[in-house]
Every structure is written in structure tokens, then in C-alpha cells.
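Structure file model29.csv (CSV, C-alpha atoms) follows.
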```
chain,number,residue,atom,x,y,z
A,1,MET,CA,74.1,106.9,67.1
A,2,ASP,CA,74.8,108.8,63.9
A,3,VAL,CA,78.3,110.1,63.7
A,4,THR,CA,78.1,113.8,62.8
A,5,GLN,CA,80.9,116.3,62.0
A,6,ASP,CA,80.2,117.9,65.4
A,7,SER,CA,80.9,114.5,67.0
A,8,LEU,CA,84.2,114.2,65.1
A,9,ASP,CA,85.2,117.7,66.1
A,10,LEU,CA,84.5,116.9,69.8
A,11,ILE,CA,86.7,113.8,69.6
A,12,ALA,CA,89.5,115.8,68.1
A,13,SER,CA,89.2,118.4,70.8
A,14,ILE,CA,89.4,115.7,73.5
A,15,TYR,CA,92.9,114.7,72.2
A,16,ASP,CA,93.9,118.3,72.1
A,17,SER,CA,93.8,118.1,76.0
A,18,VAL,CA,96.7,115.7,76.2
A,19,LEU,CA,99.3,118.5,76.2
A,20,ASN,CA,97.0,121.4,77.2
A,21,PRO,CA,94.7,120.8,80.1
A,22,ASN,CA,93.2,124.3,79.5
A,23,GLU,CA,91.3,122.7,76.6
A,24,TRP,CA,89.2,120.6,79.1
A,25,THR,CA,86.7,123.4,79.8
A,26,ASP,CA,85.5,123.7,76.2
A,27,VAL,CA,85.4,120.0,75.8
A,28,LEU,CA,83.3,119.4,78.9
A,29,ASP,CA,81.0,122.3,77.9
A,30,GLN,CA,80.2,120.4,74.6
A,31,LEU,CA,79.7,117.1,76.4
A,32,ALA,CA,77.3,118.8,78.9
A,33,ASP,CA,75.3,120.2,75.9
A,34,ARG,CA,75.0,116.7,74.4
A,35,THR,CA,74.0,114.9,77.6
A,36,GLY,CA,71.5,117.3,79.1
A,37,ALA,CA,73.8,118.0,82.0
A,38,LYS,CA,74.2,121.4,83.6
A,39,VAL,CA,77.8,120.7,84.4
A,40,VAL,CA,80.3,117.9,83.6
A,41,ASN,CA,83.5,117.5,85.5
A,42,ILE,CA,86.5,115.2,85.0
A,43,LEU,CA,88.8,113.9,87.7
A,44,LEU,CA,91.9,111.8,87.8
A,45,SER,CA,93.5,111.1,91.2
A,46,ASP,CA,96.7,109.1,91.0
A,47,HIS,CA,97.5,106.7,93.9
A,48,THR,CA,101.1,106.1,92.7
A,49,PHE,CA,102.1,109.7,91.9
A,50,PRO,CA,100.2,112.1,94.1
A,51,GLU,CA,101.6,115.0,92.0
A,52,ILE,CA,99.4,113.9,89.1
A,53,LEU,CA,95.9,115.4,89.3
A,54,ILE,CA,93.6,116.1,86.4
A,55,SER,CA,90.5,118.1,87.6
A,56,ALA,CA,88.4,120.3,85.3
A,57,ALA,CA,84.8,121.2,84.8
A,58,SER,CA,82.6,122.9,82.3
A,59,ARG,CA,82.3,126.7,82.3
A,60,LEU,CA,79.5,127.1,84.9
A,61,PHE,CA,82.0,126.3,87.6
A,62,GLN,CA,84.1,129.4,87.7
A,63,PRO,CA,87.6,129.5,89.4
A,64,ASP,CA,86.1,131.1,92.5
A,65,ASP,CA,83.6,128.3,92.8
A,66,ILE,CA,86.3,125.7,92.4
A,67,GLU,CA,88.4,127.4,95.1
A,68,GLU,CA,85.4,127.4,97.4
A,69,TYR,CA,84.8,123.7,96.7
A,70,VAL,CA,88.5,122.8,97.4
A,71,VAL,CA,88.6,124.8,100.6
A,72,ASN,CA,85.3,123.8,102.1
A,73,TYR,CA,84.0,120.6,100.5
A,74,ALA,CA,86.8,118.6,98.8
A,75,GLU,CA,87.8,116.7,102.0
A,76,ASN,CA,84.1,115.9,102.6
A,77,GLU,CA,83.9,114.5,99.0
A,78,VAL,CA,86.8,112.1,99.2
A,79,PRO,CA,85.0,109.0,100.7
A,80,VAL,CA,82.2,109.6,98.3
A,81,VAL,CA,84.4,109.7,95.2
A,82,MET,CA,86.4,106.6,96.5
A,83,GLY,CA,83.2,104.6,96.1
A,84,MET,CA,83.8,104.8,92.4
A,85,SER,CA,86.9,102.5,92.8
A,86,GLU,CA,84.5,99.5,92.9
A,87,ALA,CA,82.6,100.5,89.7
A,88,ARG,CA,83.4,99.0,86.3
A,89,ALA,CA,84.6,101.3,83.5
A,90,GLY,CA,81.5,102.7,81.6
A,91,GLN,CA,79.1,101.9,84.5
A,92,TRP,CA,76.7,104.6,85.6
A,93,VAL,CA,76.8,105.2,89.3
A,94,PRO,CA,74.1,107.6,90.7
A,95,ILE,CA,75.1,109.9,93.5
A,96,ASP,CA,72.6,108.3,95.9
A,97,ASP,CA,74.4,104.9,95.6
A,98,LEU,CA,77.7,106.6,96.5
A,99,LEU,CA,76.2,108.5,99.4
A,100,ASN,CA,74.5,105.4,100.7
A,101,ARG,CA,77.9,103.7,101.0
A,102,VAL,CA,79.0,106.4,103.6
A,103,ASN,CA,75.6,106.7,105.3
A,104,ARG,CA,74.7,110.0,103.8
A,105,THR,CA,71.8,111.4,101.7
A,106,ARG,CA,71.5,114.3,99.4
A,107,GLN,CA,69.7,116.1,102.2
A,108,THR,CA,72.6,115.5,104.7
A,109,ASP,CA,75.7,115.7,102.5
A,110,GLN,CA,77.4,119.0,102.7
A,111,THR,CA,78.6,119.0,99.1
A,112,ALA,CA,75.2,118.0,97.7
A,113,LYS,CA,73.6,120.9,99.7
A,114,TRP,CA,76.2,123.4,98.4
A,115,LEU,CA,75.6,122.3,94.8
A,116,TYR,CA,71.8,122.6,95.2
A,117,GLN,CA,71.9,126.0,97.0
A,118,LYS,CA,74.5,127.6,94.6
A,119,PHE,CA,73.7,126.0,91.2
A,120,ASN,CA,70.3,124.3,91.6
A,121,ILE,CA,72.0,121.0,90.9
A,122,ASP,CA,70.1,118.0,92.3
A,123,GLN,CA,71.0,114.7,90.7
A,124,ARG,CA,74.5,113.6,89.8
A,125,ALA,CA,75.8,110.5,88.1
A,126,SER,CA,79.4,109.4,87.6
A,127,MET,CA,81.1,107.1,85.1
A,128,ARG,CA,84.4,105.5,85.7
A,129,LEU,CA,86.8,105.8,82.7
A,130,ASN,CA,89.5,103.2,83.4
A,131,GLU,CA,89.8,100.3,85.9
A,132,THR,CA,93.6,100.4,86.5
A,133,ALA,CA,94.2,100.2,90.2
A,134,ALA,CA,97.0,102.8,90.0
A,135,TRP,CA,94.6,105.7,89.7
A,136,LEU,CA,90.9,106.6,89.9
A,137,ASP,CA,89.3,108.6,87.1
A,138,CYS,CA,85.7,109.5,86.3
A,139,LEU,CA,83.4,111.8,84.5
A,140,THR,CA,80.5,113.2,86.7
A,141,TYR,CA,77.4,114.6,85.1
A,142,HIS,CA,75.4,117.2,87.2
A,143,PHE,CA,71.7,117.8,86.5
A,144,GLU,CA,69.4,120.7,87.3
A,145,MET,CA,66.6,120.3,89.9
A,146,GLY,CA,63.5,118.9,88.2
A,147,ARG,CA,65.2,118.0,84.9
A,148,GLY,CA,64.7,114.3,85.3
A,149,PRO,CA,67.0,111.4,84.5
A,150,MET,CA,69.2,111.1,81.3
A,151,THR,CA,67.4,109.9,78.3
A,152,ALA,CA,68.6,106.8,76.4
A,153,GLU,CA,69.9,109.1,73.7
A,154,GLU,CA,71.9,111.2,76.2
A,155,GLN,CA,73.3,108.1,77.8
A,156,GLY,CA,74.3,106.9,74.3
A,157,GLN,CA,76.1,110.1,73.7
A,158,ALA,CA,78.0,109.8,76.9
A,159,LYS,CA,79.1,106.2,76.3
A,160,PHE,CA,80.1,107.0,72.7
A,161,PHE,CA,82.7,109.5,73.9
A,162,HIS,CA,83.7,107.5,76.9
A,163,PRO,CA,86.6,105.5,75.4
A,164,HIS,CA,88.2,108.7,74.0
A,165,PHE,CA,88.1,110.4,77.4
A,166,ALA,CA,89.5,107.2,79.0
A,167,ARG,CA,92.5,107.0,76.7
A,168,THR,CA,93.2,110.7,76.9
A,169,VAL,CA,93.5,110.8,80.7
A,170,GLU,CA,95.7,107.7,80.6
A,171,ILE,CA,98.0,109.2,77.9
A,172,SER,CA,98.0,112.5,79.8
A,173,ARG,CA,99.5,111.1,83.0
A,174,PRO,CA,103.2,111.2,82.0
A,175,PHE,CA,102.9,114.7,80.5
A,176,ASN,CA,101.1,115.9,83.6
A,177,LEU,CA,103.9,114.6,85.7
A,178,LEU,CA,106.6,116.1,83.5
A,179,GLN,CA,104.8,119.5,83.7
A,180,VAL,CA,104.6,119.3,87.5
A,181,ARG,CA,108.2,118.2,88.0
A,182,PHE,CA,110.0,120.2,85.4
A,183,GLN,CA,107.6,123.1,84.5
A,184,ALA,CA,107.7,122.0,80.8
A,185,VAL,CA,106.7,119.1,78.6
A,186,LEU,CA,108.7,118.9,75.3
A,187,SER,CA,111.9,120.3,76.8
A,188,ALA,CA,111.7,117.6,79.5
A,189,LEU,CA,110.9,114.6,77.3
A,190,ASP,CA,114.5,113.3,77.8
A,191,ARG,CA,113.6,112.7,81.4
A,192,PHE,CA,110.8,110.3,80.3
A,193,HIS,CA,112.3,106.9,79.8
A,194,ILE,CA,109.7,105.6,77.3
A,195,GLY,CA,110.5,106.2,73.6
A,196,THR,CA,108.5,109.2,72.6
A,197,PHE,CA,107.9,110.2,68.9
A,198,ILE,CA,105.7,112.9,67.6
A,199,LEU,CA,104.8,112.3,64.0
A,200,PHE,CA,103.1,114.0,61.0
A,201,GLU,CA,100.4,111.9,59.3
A,202,ASP,CA,102.9,110.4,56.8
A,203,GLY,CA,105.0,109.1,59.6
A,204,THR,CA,107.7,111.8,59.5
A,205,VAL,CA,109.3,112.3,62.9
A,206,VAL,CA,108.8,115.9,64.2
A,207,ILE,CA,110.2,115.3,67.7
A,208,LYS,CA,111.9,112.3,69.4
A,209,ASN,CA,113.3,112.0,72.9
A,210,ARG,CA,116.6,110.4,74.0
A,211,GLU,CA,115.0,107.0,74.7
A,212,ALA,CA,113.5,107.1,71.2
A,213,ALA,CA,116.9,107.9,69.7
A,214,ARG,CA,118.4,105.0,71.6
A,215,ILE,CA,115.8,102.6,70.3
A,216,LEU,CA,116.5,103.7,66.7
A,217,GLU,CA,120.2,103.2,67.2
A,218,LEU,CA,119.5,99.5,68.0
A,219,LYS,CA,118.4,99.0,64.4
A,220,ASP,CA,116.3,96.1,65.8
A,221,GLY,CA,112.8,96.6,64.4
A,222,LEU,CA,112.4,100.4,64.4
A,223,GLY,CA,114.2,102.7,62.0
A,224,LEU,CA,114.0,105.8,59.8
A,225,ASP,CA,113.8,105.9,56.0
A,226,ALA,CA,115.5,108.5,53.8
A,227,SER,CA,112.6,110.8,54.3
A,228,ASN,CA,112.8,110.7,58.2
A,229,ARG,CA,109.7,108.5,58.4
A,230,LEU,CA,109.4,105.8,61.0
A,231,THR,CA,109.7,102.2,59.6
A,232,VAL,CA,109.2,98.9,61.4
A,233,THR,CA,110.4,95.3,60.9
A,234,SER,CA,108.9,94.5,57.6
A,235,ASP,CA,107.0,96.2,54.7
A,236,GLU,CA,103.8,94.6,55.9
A,237,ALA,CA,104.3,95.7,59.5
A,238,THR,CA,105.3,99.2,58.3
A,239,GLY,CA,102.1,99.4,56.4
A,240,LEU,CA,100.0,98.5,59.5
A,241,PHE,CA,102.0,101.0,61.6
A,242,ARG,CA,101.5,103.8,59.2
A,243,ARG,CA,97.8,103.1,58.8
A,244,SER,CA,97.5,103.3,62.6
A,245,VAL,CA,99.4,106.7,62.5
A,246,LYS,CA,97.1,107.9,59.7
A,247,ILE,CA,94.0,106.9,61.6
A,248,ALA,CA,95.3,108.7,64.7
A,249,CYS,CA,95.9,111.9,62.7
A,250,GLU,CA,92.4,111.6,61.1
A,251,THR,CA,90.9,111.4,64.6
A,252,VAL,CA,92.6,114.5,65.8
A,253,ASN,CA,91.7,116.2,62.5
A,254,ALA,CA,88.0,115.4,63.1
A,255,GLN,CA,87.8,112.8,60.3
A,256,ASN,CA,87.6,109.5,62.3
A,257,THR,CA,86.3,108.1,65.6
A,258,ALA,CA,88.9,105.5,66.2
A,259,THR,CA,90.5,105.2,69.6
A,260,PRO,CA,94.3,104.9,70.1
A,261,THR,CA,96.0,101.7,68.9
A,262,LEU,CA,98.3,99.3,70.7
A,263,LEU,CA,100.8,97.4,68.6
A,264,THR,CA,103.6,95.0,69.2
A,265,ILE,CA,106.6,95.4,66.9
A,266,ASP,CA,108.7,92.3,66.3
A,267,ARG,CA,112.5,92.6,66.5
A,268,ARG,CA,115.1,91.2,64.1
A,269,SER,CA,117.1,90.0,67.1
A,270,MET,CA,114.1,87.9,68.2
A,271,ALA,CA,114.2,89.7,71.6
A,272,GLU,CA,110.9,90.6,73.3
A,273,PRO,CA,108.9,92.9,70.9
A,274,PHE,CA,108.6,96.6,71.3
A,275,MET,CA,105.2,97.8,72.5
A,276,ALA,CA,103.9,100.9,70.7
A,277,ASP,CA,101.0,103.0,71.8
A,278,ILE,CA,99.7,105.2,68.9
A,279,ALA,CA,97.4,108.1,69.8
A,280,PRO,CA,96.1,111.3,68.3
A,281,LEU,CA,97.9,114.5,69.4
A,282,GLY,CA,97.0,118.2,68.9
A,283,GLY,CA,99.2,121.2,69.4
A,284,THR,CA,98.7,124.5,71.3
A,285,GLU,CA,100.5,127.8,71.4
A,286,ASP,CA,102.3,126.6,74.6
A,287,VAL,CA,103.3,123.2,73.5
A,288,LEU,CA,104.1,122.5,69.8
A,289,GLU,CA,102.5,124.9,67.3
A,290,ARG,CA,98.8,125.7,67.5
A,291,GLY,CA,97.0,123.9,64.8
A,292,PHE,CA,99.5,121.0,64.8
A,293,LYS,CA,97.6,117.7,64.2
A,294,GLY,CA,99.7,114.6,64.4
A,295,ALA,CA,100.3,111.4,66.2
A,296,LEU,CA,102.0,110.5,69.5
A,297,VAL,CA,103.8,107.2,69.5
A,298,LEU,CA,105.1,105.8,72.9
A,299,VAL,CA,107.5,102.8,72.5
A,300,ILE,CA,108.4,100.6,75.4
A,301,ASP,CA,111.5,98.5,75.1
A,302,PRO,CA,110.9,95.5,77.4
A,303,THR,CA,114.6,94.6,77.4
A,304,ASN,CA,115.6,97.9,78.9
A,305,ARG,CA,115.2,97.0,82.5
A,306,GLU,CA,116.8,100.0,84.1
A,307,HIS,CA,113.7,102.1,84.7
A,308,VAL,CA,111.0,99.4,85.1
A,309,SER,CA,109.7,98.7,88.6
A,310,SER,CA,107.1,96.6,90.3
A,311,ARG,CA,106.9,99.1,93.2
A,312,GLY,CA,103.4,99.1,94.7
A,313,MET,CA,101.9,96.5,92.5
A,314,ASN,CA,101.6,94.0,95.5
A,315,LEU,CA,99.4,96.6,97.3
A,316,LEU,CA,97.4,97.7,94.3
A,317,TYR,CA,96.5,94.1,93.2
A,318,GLN,CA,96.8,92.3,96.6
A,319,LEU,CA,99.6,90.1,95.4
A,320,THR,CA,100.9,87.4,97.6
A,321,GLU,CA,104.6,87.4,98.6
A,322,ALA,CA,105.3,84.7,96.0
A,323,GLU,CA,103.4,86.5,93.2
A,324,ASP,CA,105.2,89.8,94.0
A,325,ALA,CA,108.6,88.0,93.8
A,326,VAL,CA,107.7,86.4,90.5
A,327,CYS,CA,106.5,89.7,89.1
A,328,GLU,CA,109.8,91.4,89.9
A,329,LEU,CA,111.7,88.6,88.3
A,330,VAL,CA,109.6,88.7,85.1
A,331,LEU,CA,110.3,92.5,84.9
A,332,GLN,CA,114.0,91.7,85.2
A,333,GLY,CA,113.7,89.5,82.1
A,334,LEU,CA,113.9,86.0,83.6
A,335,GLY,CA,112.1,83.1,81.9
A,336,ASN,CA,110.1,80.4,83.7
A,337,GLU,CA,113.1,78.1,84.2
A,338,GLU,CA,115.3,80.8,85.5
A,339,ILE,CA,112.6,82.0,87.9
A,340,ALA,CA,112.1,78.4,89.2
A,341,ASP,CA,115.9,78.1,89.8
A,342,SER,CA,116.1,81.4,91.4
A,343,ARG,CA,113.2,80.6,93.8
A,344,ASN,CA,114.1,77.0,94.2
A,345,VAL,CA,110.6,75.8,93.1
A,346,SER,CA,109.4,73.7,90.2
A,347,PRO,CA,108.5,75.2,86.8
A,348,GLY,CA,104.9,74.1,87.4
A,349,THR,CA,104.7,76.2,90.5
A,350,VAL,CA,106.0,79.2,88.6
A,351,ARG,CA,103.4,78.7,85.8
A,352,SER,CA,100.7,78.5,88.5
A,353,GLN,CA,101.9,81.7,90.1
A,354,LEU,CA,102.1,83.5,86.8
A,355,LYS,CA,98.6,82.4,85.9
A,356,SER,CA,97.4,83.9,89.2
A,357,LEU,CA,99.5,87.0,88.7
A,358,TYR,CA,98.1,87.7,85.3
A,359,ALA,CA,94.5,87.1,86.6
A,360,LYS,CA,94.9,89.6,89.4
A,361,THR,CA,96.5,92.3,87.3
A,362,ASP,CA,94.1,91.7,84.3
A,363,THR,CA,97.0,91.0,82.0
A,364,ARG,CA,97.4,88.1,79.6
A,365,ASN,CA,101.2,87.6,79.3
A,366,ARG,CA,104.6,89.1,80.0
A,367,VAL,CA,104.1,91.9,77.4
A,368,GLY,CA,100.9,93.0,79.2
A,369,LEU,CA,102.6,92.8,82.6
A,370,ILE,CA,105.6,94.9,81.5
A,371,ARG,CA,103.3,97.5,79.9
A,372,LEU,CA,101.2,97.7,83.2
A,373,ALA,CA,104.4,98.2,85.2
A,374,HIS,CA,105.4,101.1,83.0
A,375,THR,CA,101.9,102.5,83.3
A,376,ILE,CA,101.8,102.3,87.1
A,377,ASN,CA,105.3,103.4,87.8
A,378,ILE,CA,105.9,106.1,85.1
A,379,PRO,CA,109.6,106.0,84.3
A,380,ILE,CA,110.3,109.7,84.8
A,381,ASP,CA,113.3,111.2,86.6
A,382,GLU,CA,112.9,112.5,90.1
A,383,ALA,CA,112.4,116.3,90.3
```

Would you write out, as C-alpha cells, the structure that this file holds?
Amino acid sequence: MDVTQDSLDLIASIYDSVLNPNEWTDVLDQLADRTGAKVVNILLSDHTFPEILISAASRLFQPDDIEEYVVNYAENEVPVVMGMSEARAGQWVPIDDLLNRVNRTRQTDQTAKWLYQKFNIDQRASMRLNETAAWLDCLTYHFEMGRGPMTAEEQGQAKFFHPHFARTVEISRPFNLLQVRFQAVLSALDRFHIGTFILFEDGTVVIKNREAARILELKDGLGLDASNRLTVTSDEATGLFRRSVKIACETVNAQNTATPTLLTIDRRSMAEPFMADIAPLGGTEDVLERGFKGALVLVIDPTNREHVSSRGMNLLYQLTEAEDAVCELVLQGLGNEEIADSRNVSPGTVRSQLKSLYAKTDTRNRVGLIRLAHTINIPIDEA
């Protein structure tokens, strides 16, 4: 599809929702207009942190309607929505397929009847955003009676914006949890044990949390220049890092369509590299200054084991007892030989168990496994 300025503006608005969930309504209204839907709603339900919930809909669903749904129909909808957990990210799942799984039809399902009677909504189709086992998220498109299925162009529009919605809800999780636990975001960032930087387009640091300051104090691959701009290991790596920041800022300024970037940052000490997640970030009057357009950089230090946990991963990924034990030892920083000695098995057995562990968790190596652990068990202080 052709990328218009309207498309760039919508992508920018999606990332404005990271710190301000009130932005979702306008974003979903625009998406509904582009896809022929009467209503679009977004949902994230977190299995690891029940406090985290992202739920919003385009403007046709008023607050009274949402309250009516929560009171009378939300429980009825749970087994239907859970059917999305078997879908692949980006896959269209019609409501009839979800209802069939729980032996219902649109004619017998209470939620479907309510949507039809109150809003003349007949067909629905959902698209899962991410496949991480720690949470379930999806966009659902609601269509008016007699409208007919989505056209190929409308489906193309939905899939074009899909990766931006996917990354936004993922990035939003820690900020959502900070808001719930501490009724604030920026003032509570020191309770978030991943290095957090908010940058201007040129890489100048606007805000950093305590963990970010600790990482800088290491002088081991990340630093600040005389202009308070982030630098990384080498001039070449700094160039790549700053290009990634610039692209993120262009995206939130409606000048680019790129999705957030994941980088590894080598360390002078030759320790395990930092993992940096670089994403667009817009400000609101409640958080940062309205009109702020910059970049969010989240940095994981894999050598800081204090707040990393494998809690729940055995259940989420059906790990065996041995795989779960190996996972915990990897997160503690042990190498293959040390794991073998600790468990009194051969290095070959450890390599086999690691291969199975990576396959089950859809990761490729230790770096990916550590990032996944931080994603599932967000390292935030208890309330």
C-alpha cells in the first residue's frame, strides 16, 4: 500500500499511547475508518501480572456501554477470547471460529446478541498482536450487519499497522504496571530495574532512571559525551545507535514507518552485551510535556542478576524440570561447564537441554532468553 502522510500520522499517534492510554480512542477511531469497521477494540490481558490490563475501543463504545459489557458480558467472553491464544500473530480469526471452540454460535452467544441488538454489529474478526505466552493481546474489528467481509485493501491496511500496535502494547506493559502500583510513571521510574532513557532526536538524555545511571557509571560500553548525548562502545556503534534513535523520533514525528529497534551493545570488559530496545515516544500533558517527540531506550544489563527471574516460565512454556533448572542457572550467569558441574551431568546433556529450552521459548541464545525473562517478569518493585 502507498504510505501517505495520514498513515505516518496514525503511526505516530500509536506510539503516543505508550505513556497515555487515553490516546487509544482516537487511534482506534482512525483504524476503524481505514478498515471499514464500525468499532475496533484493543485488549491486553497479562497472565504474569494481573494488574496489567490494556482495554480500549473506538468512540462508538461509550463509557456506559463498556461498563454494561464489563458487568454483564465480560465473564461470558473470557473463554471466547482465550481461543486467540492458539492463533499466530497477524492471523485473522473470525468470531465464528472462536465461538465454535466453545460450542456457541452468534445466535446463542450472549455477547454477540448484545452487540447486534445495541450496535447492529454482526461479524467480528480478531488479530493477535504478539505470541508471547506471558500475555494475550489482540485487536478486534466489529462490522455492521450486512456490510460484508473486509476487502483485500482493508486487510492490507490492518496488517500494515499491526507491528506498530504489537510493539506499543509490549512497550506499554511496564509503564502500565508502574501507573497501577505507584499512581505515576516518570516519578516511579527508579522502581523499574531496567535502564530507562528518554532522549531527544540527537541522543541528548532528557530523563534517566537509577538503573540507567548505574549502567553509565560502569563506563563499560555506554556513556555520555560532553553534550549529554548517549554514546556506545565505538564510533561505528554510536553511529548505528544514533541512527536508530533518529528513526524512532522520525516515526513519532510522522516522518517514518519503521518499527522499534533491538540492538546489542558490546562492552569493553567483554562481559555479556547490553540489550537496548529503542522505540518512539510521544509526550502528553500528564506525562512529559505535550508535544514532546523523542525516543525511549530500555537497556538490560544481563550481568545484573538481582532482579531477573525465571518465575512462571516452566508453566508458560511447559518446561521440563531439567529445562527449568537449566533456565534458572543461565539467568544466574553460569556457563555450560558450570551448569554441567552444578547438575552433575555432561556438557553434552546441557547443550541438548539448552537447545530444547531455546526451541520451547522461541529464543536463539542466552541473550534472547535473558530478554524474555525480563519481559515476562517485569523487574518492578512490589507496591

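Picture a line from CA of Pro302 in chain A to CA of Lys208 in chain A; it runs 18.6 Å.
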
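Of the residues listed (A:Ile52, A:Ala322, A:Ala226, A:Leu262), A:Ala322 shows the shortest atom-to-atom separation from Gln353 in chain A; distances use all atoms listed in the file.
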
I'd like the neighbourhood of Asp301 in chain A as a ChimeraX atom specification, where a residue qualifies if any of its atoms comes within 7 Å (using only C-alpha atoms), though same-chain residues fewer than 2 positions away should be ignored. /A:274-275,299,303-304

Computed interatomic separation between CA of His142 in chain A and CA of Gly90 in chain A (Å): 16.7 Å

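Across the structure, CA of Ser55 in chain A and CA of Leu10 in chain A are spaced 18.8 Å apart.
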
Residues near range 99-102 of chain A, anyone? I mean within 10 Å using only C-alpha atoms, not counting same-chain ones fewer than 2 positions away, as a compact mmCIF listing (two decimals) with C-alpha atoms, in the frame of the given file.
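So the final result, stored in out_25.txt, reads:
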```txt
# COMPACT_ATOMS: atom_id res chain seq x y z
CA GLU A 77 83.90 114.50 99.00
CA PRO A 79 85.00 109.00 100.70
CA VAL A 80 82.20 109.60 98.30
CA VAL A 81 84.40 109.70 95.20
CA GLY A 83 83.20 104.60 96.10
CA PRO A 94 74.10 107.60 90.70
CA ILE A 95 75.10 109.90 93.50
CA ASP A 96 72.60 108.30 95.90
CA ASP A 97 74.40 104.90 95.60
CA ARG A 104 74.70 110.00 103.80
CA THR A 105 71.80 111.40 101.70
CA ARG A 106 71.50 114.30 99.40
CA THR A 108 72.60 115.50 104.70
CA ASP A 109 75.70 115.70 102.50
CA ALA A 112 75.20 118.00 97.70
```

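Minimum atom-to-atom distance to Glu382 in chain A, evaluated using only C-alpha atoms, belongs to A:Ala188 out of A:Leu263, A:Ala188, A:Leu281, A:Ala32.
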
With all atoms listed in the file as the basis for distance, which of A:Val350, A:Phe197, A:Ile300, A:Leu357 is at the shortest distance from Thr320 in chain A? A:Leu357

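The neighbours of His162 in chain A here are the residues that come within 8 Å of it, using only C-alpha atoms and leaving out any residue fewer than 3 positions away in the same chain; they are Gly90, Leu129, Ala158, Lys159, Phe165 and Ala166 of chain A.
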
Could those residues be written to a file, using C-alpha atoms, as a compact mmCIF listing (two decimals), in the coordinates of the input?
```txt
# COMPACT_ATOMS: atom_id res chain seq x y z
CA GLY A 90 81.50 102.70 81.60
CA LEU A 129 86.80 105.80 82.70
CA ALA A 158 78.00 109.80 76.90
CA LYS A 159 79.10 106.20 76.30
CA PHE A 165 88.10 110.40 77.40
CA ALA A 166 89.50 107.20 79.00
```

Using all atoms listed in the file, pick whichever of A:Asn253, A:Asp33, A:Phe61, A:Ser310 has the shortest atom-to-atom distance to Gln157 in chain A. A:Asp33

Smallest atom-to-atom distance to Ala133 in chain A: which of A:Leu315, A:Met150, A:Ile265, A:Leu329, using all atoms listed in the file? A:Leu315

Give me the residues near Ala134 in chain A as an MDAnalysis selection string, where near means some atom within 8 Å (using all atoms listed in the file) and where sequence neighbours in that chain fewer than 6 positions away do not count. chainID A and resid 46:48 316 376

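For Glu154 in chain A, the non-local neighbours within 10 Å, defined as residues at least 6 positions apart in the same chain or in other chains and counting all atoms listed in the file, are Leu31, Ala32, Asp33, Arg34, Thr35, Gly36, Ala37 and Phe160 of chain A.
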
Take the point (114.0, 113.8, 70.0) in the file's coordinates, draw a sphere of radius 9 Å around it, and report as a PyMOL selection string every protein, DNA or RNA residue with an atom inside or on it, counting all atoms listed in the file. chain A and resi 189-190+196-198+205-213

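Of the listed residues (A:Val39, A:Met127, A:Ala258, A:Glu51), A:Glu51 comes nearest to Phe182 in chain A; the distances count all atoms listed in the file.
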